[in-house]
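A.B. asks: Next up, start.txt (compact mmCIF, C-alpha atoms).
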```txt
# COMPACT_ATOMS: atom_id res chain seq x y z
CA MET A 1 -6.74 55.77 62.06
CA ARG A 2 -9.47 55.27 59.49
CA THR A 3 -10.52 51.65 58.90
CA VAL A 4 -9.66 51.78 55.20
CA ILE A 5 -6.09 52.83 56.02
CA ALA A 6 -5.76 49.97 58.50
CA VAL A 7 -7.08 47.52 55.87
CA HIS A 8 -4.71 48.98 53.28
CA ILE A 9 -1.67 48.69 55.56
CA ALA A 10 -2.62 45.15 56.67
CA ALA A 11 -3.11 43.99 53.08
CA ALA A 12 0.16 45.62 51.98
CA VAL A 13 2.11 44.01 54.84
CA LEU A 14 0.52 40.63 54.04
CA SER A 15 1.47 41.17 50.39
CA LEU A 16 5.08 41.89 51.39
CA VAL A 17 5.37 38.80 53.58
CA VAL A 18 3.63 36.43 51.17
CA GLY A 19 5.43 37.93 48.17
CA ALA A 20 8.82 37.46 49.82
CA SER A 21 7.95 33.86 50.70
CA ILE A 22 6.97 33.14 47.09
CA LEU A 23 10.48 34.13 46.05
CA LEU A 24 11.76 31.20 48.12
CA LEU A 25 9.30 28.61 46.82
CA ARG A 26 9.98 26.27 43.96
CA LYS A 27 8.06 27.61 40.99
CA GLY A 28 5.18 25.76 39.37
CA THR A 29 4.25 23.65 42.38
CA THR A 30 0.82 23.51 43.98
CA ARG A 31 2.18 25.44 46.97
CA HIS A 32 3.50 28.16 44.64
CA ARG A 33 0.14 28.47 42.88
CA LEU A 34 -1.87 28.59 46.13
CA THR A 35 0.50 31.08 47.75
CA GLY A 36 0.42 33.13 44.57
CA ARG A 37 -3.37 33.29 44.71
CA VAL A 38 -3.21 34.55 48.30
CA TRP A 39 -0.65 37.15 47.20
CA VAL A 40 -2.76 38.34 44.27
CA ALA A 41 -5.84 38.60 46.51
CA ALA A 42 -3.89 40.62 49.09
CA MET A 43 -2.52 42.84 46.33
CA PHE A 44 -6.02 43.48 44.96
CA VAL A 45 -7.24 44.41 48.47
CA THR A 46 -4.27 46.79 48.70
CA VAL A 47 -5.09 48.31 45.30
CA LEU A 48 -8.83 48.62 45.88
CA SER A 49 -8.46 50.09 49.37
CA SER A 50 -6.08 52.73 48.01
CA PHE A 51 -8.92 54.37 46.08
CA ASP A 52 -10.61 55.36 49.33
CA ILE A 53 -7.44 56.97 50.69
CA ARG A 54 -7.31 60.51 49.31
CA GLU A 55 -5.36 62.56 51.82
CA LEU A 56 -2.59 63.50 49.37
CA ASN A 57 -4.84 65.55 47.08
CA HIS A 58 -7.47 67.15 49.37
CA GLY A 59 -10.11 64.45 48.92
CA GLN A 60 -9.45 63.84 45.21
CA LEU A 61 -7.62 61.02 43.49
CA SER A 62 -3.89 61.70 43.10
CA TRP A 63 -1.06 60.48 40.90
CA VAL A 64 -0.55 57.63 43.38
CA HIS A 65 -3.85 56.12 42.25
CA SER A 66 -2.49 55.80 38.72
CA LEU A 67 0.14 53.48 40.21
CA ALA A 68 -2.67 51.44 41.77
CA VAL A 69 -4.29 51.11 38.33
CA LEU A 70 -0.91 50.09 36.88
CA THR A 71 -0.52 47.47 39.62
CA ALA A 72 -3.99 46.05 38.97
CA LEU A 73 -3.25 45.85 35.23
CA SER A 74 0.09 44.19 35.96
CA LEU A 75 -1.58 41.55 38.13
CA VAL A 76 -4.20 40.85 35.47
CA ARG A 77 -1.42 40.63 32.86
CA ALA A 78 0.51 38.16 35.01
CA ILE A 79 -2.53 35.92 35.45
CA TRP A 80 -3.37 36.09 31.76
CA ALA A 81 0.25 35.34 30.81
CA ILE A 82 0.58 32.21 32.96
CA ARG A 83 -2.80 30.87 31.85
CA HIS A 84 -1.59 31.17 28.26
CA GLY A 85 1.77 29.53 28.97
CA ASN A 86 3.81 32.74 28.84
CA VAL A 87 6.09 32.13 31.83
CA ARG A 88 8.42 35.04 31.03
CA GLY A 89 5.53 37.48 30.85
CA HIS A 90 4.16 36.12 34.12
CA VAL A 91 7.51 36.42 35.88
CA ALA A 92 8.10 39.94 34.58
CA ALA A 93 4.66 41.18 35.63
CA MET A 94 4.84 39.55 39.07
CA ARG A 95 8.38 40.75 39.70
CA GLY A 96 7.42 44.28 38.67
CA SER A 97 4.38 44.21 40.97
CA PHE A 98 6.46 43.01 43.92
CA ILE A 99 9.20 45.59 43.36
CA GLY A 100 6.51 48.28 43.04
CA LEU A 101 5.00 47.12 46.34
CA VAL A 102 8.37 47.37 48.10
CA VAL A 103 9.11 50.82 46.65
CA ALA A 104 5.60 52.10 47.50
CA GLY A 105 5.98 50.86 51.05
CA MET A 106 9.33 52.58 51.41
CA ALA A 107 7.84 55.80 50.02
CA ALA A 108 4.92 55.60 52.48
CA VAL A 109 7.37 55.28 55.35
CA VAL A 110 9.43 58.35 54.47
CA THR A 111 6.70 60.72 53.25
CA PRO A 112 5.99 63.24 56.05
CA HIS A 113 2.51 63.17 57.61
CA ARG A 114 1.63 59.73 56.17
CA VAL A 115 0.34 57.20 58.69
CA LEU A 116 3.38 54.92 58.48
CA ASN A 117 5.74 57.86 58.83
CA VAL A 118 3.88 59.16 61.88
CA MET A 119 3.59 55.67 63.40
CA LEU A 120 7.30 55.09 62.99
CA GLY A 121 8.21 58.51 64.34
CA GLY A 122 9.24 60.63 61.35
CA TRP A 123 13.03 60.72 61.68
CA SER A 124 13.21 57.05 62.63
CA ALA A 125 11.16 56.33 59.52
CA ARG A 126 13.80 57.96 57.36
CA MET A 127 16.47 55.97 59.16
CA SER A 128 14.51 52.79 58.55
CA LEU A 129 14.45 53.67 54.85
CA ALA A 130 18.22 53.89 54.89
CA ALA A 131 18.30 50.43 56.49
CA ALA A 132 15.75 49.16 53.96
CA ALA A 133 17.93 50.41 51.12
CA HIS A 134 20.56 47.96 52.33
CA VAL A 135 18.03 45.15 52.77
CA LEU A 136 16.10 45.66 49.50
CA PRO A 137 18.68 43.88 47.34
CA ILE A 138 18.13 40.67 49.35
CA PRO A 139 14.63 39.77 47.99
CA LEU A 140 15.76 40.86 44.54
CA ALA A 141 18.77 38.55 44.75
CA ILE A 142 16.55 35.73 46.00
CA ALA A 143 14.17 36.35 43.10
CA ASP A 144 17.06 36.23 40.66
CA ALA A 145 18.46 33.06 42.22
CA SER A 146 15.06 31.38 42.26
CA ARG A 147 14.63 32.27 38.58
CA ARG A 148 17.92 30.60 37.78
CA VAL A 149 17.22 27.50 39.85
CA SER A 150 13.61 27.00 38.73
CA LEU A 151 13.91 26.97 34.98
CA PHE A 152 10.95 24.59 34.73
CA THR A 153 7.91 26.31 36.16
CA ASP A 154 5.17 23.88 35.26
CA GLY A 155 5.82 21.48 38.14
CA ARG A 156 7.42 18.75 36.05
CA ASP A 157 10.36 16.89 37.47
CA GLU A 158 13.50 18.44 36.00
CA ALA A 159 15.35 15.11 35.90
CA ALA A 160 12.54 13.55 33.85
CA LEU A 161 12.99 16.25 31.22
CA LYS A 162 16.69 15.55 30.72
CA PRO A 163 17.86 13.03 28.14
CA ALA A 164 18.37 9.55 29.57
CA SER A 165 22.15 9.95 29.31
CA CYS A 166 22.04 12.90 31.74
CA ARG A 167 19.77 11.43 34.44
CA PRO A 168 21.38 10.86 37.81
CA GLY A 169 21.97 7.24 38.77
CA GLU A 170 21.90 6.00 35.20
CA PRO A 171 25.03 4.96 33.35
CA SER A 172 26.34 7.24 30.65
CA PRO A 173 26.27 5.91 27.07
```
Just dump the structure as structure tokens.

C.D. replies:
Amino acid sequence: MRTVIAVHIAAAVLSLVVGASILLLRKGTTRHRLTGRVWVAAMFVTVLSSFDIRELNHGQLSWVHSLAVLTALSLVRAIWAIRHGNVRGHVAAMRGSFIGLVVAGMAAVVTPHRVLNVMLGGWSARMSLAAAAHVLPIPLAIADASRRVSLFTDGRDEAALKPASCRPGEPSP
């Protein structure tokens, strides 16, 4: 296996694990921001390493590389959005990048003659895709649930933002 492919796979797997863990974290906290930076770095390594993998088009760039450019732009958009206070734009760009990562990984597993397909044994790779199709909704559901729970993404205490009459432990007017 070429070194660049090993780096690409390692960065992609790290991106999957870290990205899934971010879905479980409370949004806007220091831990969320630090983990997010690790995820973005791993994603950029995945994107950049993809440009040296050209087996699909006889040594030339292929349509897959346009997806890598789209991913890079999406990550830049997400960073720009959150730095300008656009939480919805940040969430949409990050969610799209993570879903794209999951779908690209699934495609790499089932495409014949790709390293992951060969490593996982061809037919077993297709069977693992069938299993993944049943598992894929789980991180998406977690992402949706975390979006609903963490309405305040800037790290402020949610109770402090409620009117005094709604704070727990305080008498109602």

A.B. asks: Please return as a PDB file with C-alpha atoms, in the frame of the given file every residue within 6 Å of (0.5, 40.6, 49.3), taking into account only C-alpha atoms and the file's own coordinates.

C.D. replies:
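Now in part_6.pdb:
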```
ATOM      1  CA  ALA A  12       0.160  45.620  51.980  1.00  0.00           C
ATOM      2  CA  LEU A  14       0.520  40.630  54.040  1.00  0.00           C
ATOM      3  CA  SER A  15       1.470  41.170  50.390  1.00  0.00           C
ATOM      4  CA  LEU A  16       5.080  41.890  51.390  1.00  0.00           C
ATOM      5  CA  VAL A  18       3.630  36.430  51.170  1.00  0.00           C
ATOM      6  CA  GLY A  19       5.430  37.930  48.170  1.00  0.00           C
ATOM      7  CA  TRP A  39      -0.650  37.150  47.200  1.00  0.00           C
ATOM      8  CA  ALA A  42      -3.890  40.620  49.090  1.00  0.00           C
ATOM      9  CA  MET A  43      -2.520  42.840  46.330  1.00  0.00           C
TER      10      MET A  43
END
```

A.B. asks: Can you work out the spacing between atom CA of Leu34 of chain A and atom CA of His65 of chain A in Å, to one decimal?

C.D. replies: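 Straight-line distance from atom CA of Leu34 of chain A to atom CA of His65 of chain A works out to 27.9 Å.
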
A.B. asks: Measuring atom to atom with all atoms listed in the file, identify which of A:Val102, A:Val110, A:Leu73, A:Ile79 is nearest to Val17 of chain A.

C.D. replies: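 Among the listed residues, A:Val102 lies closest to Val17 of chain A.
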
A.B. asks: Measure the distance from atom CA of Ile99 of chain A to atom CA of Leu67 of chain A in Å and round it to one decimal.

C.D. replies: 12.4 Å

A.B. asks: State, in Å with one decimal place, the distance from atom CA of Ser21 of chain A to atom CA of Leu101 of chain A.

C.D. replies: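 According to the coordinates, atom CA of Ser21 of chain A and atom CA of Leu101 of chain A are separated by 14.3 Å.
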
A.B. asks: Could you tell me which of A:Gln60, A:Ser97, A:Thr3, A:His90 comes closest to Ala72 of chain A if we count only C-alpha atoms?

C.D. replies: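 The closest residue to Ala72 of chain A is A:Ser97.
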
A.B. asks: Pick out the closest residue to Met94 of chain A from this set: A:Arg77, A:His58, A:Arg33, A:Arg26. Count only C-alpha atoms.

C.D. replies: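 Result for the nearest residue to Met94 of chain A: A:Arg77.
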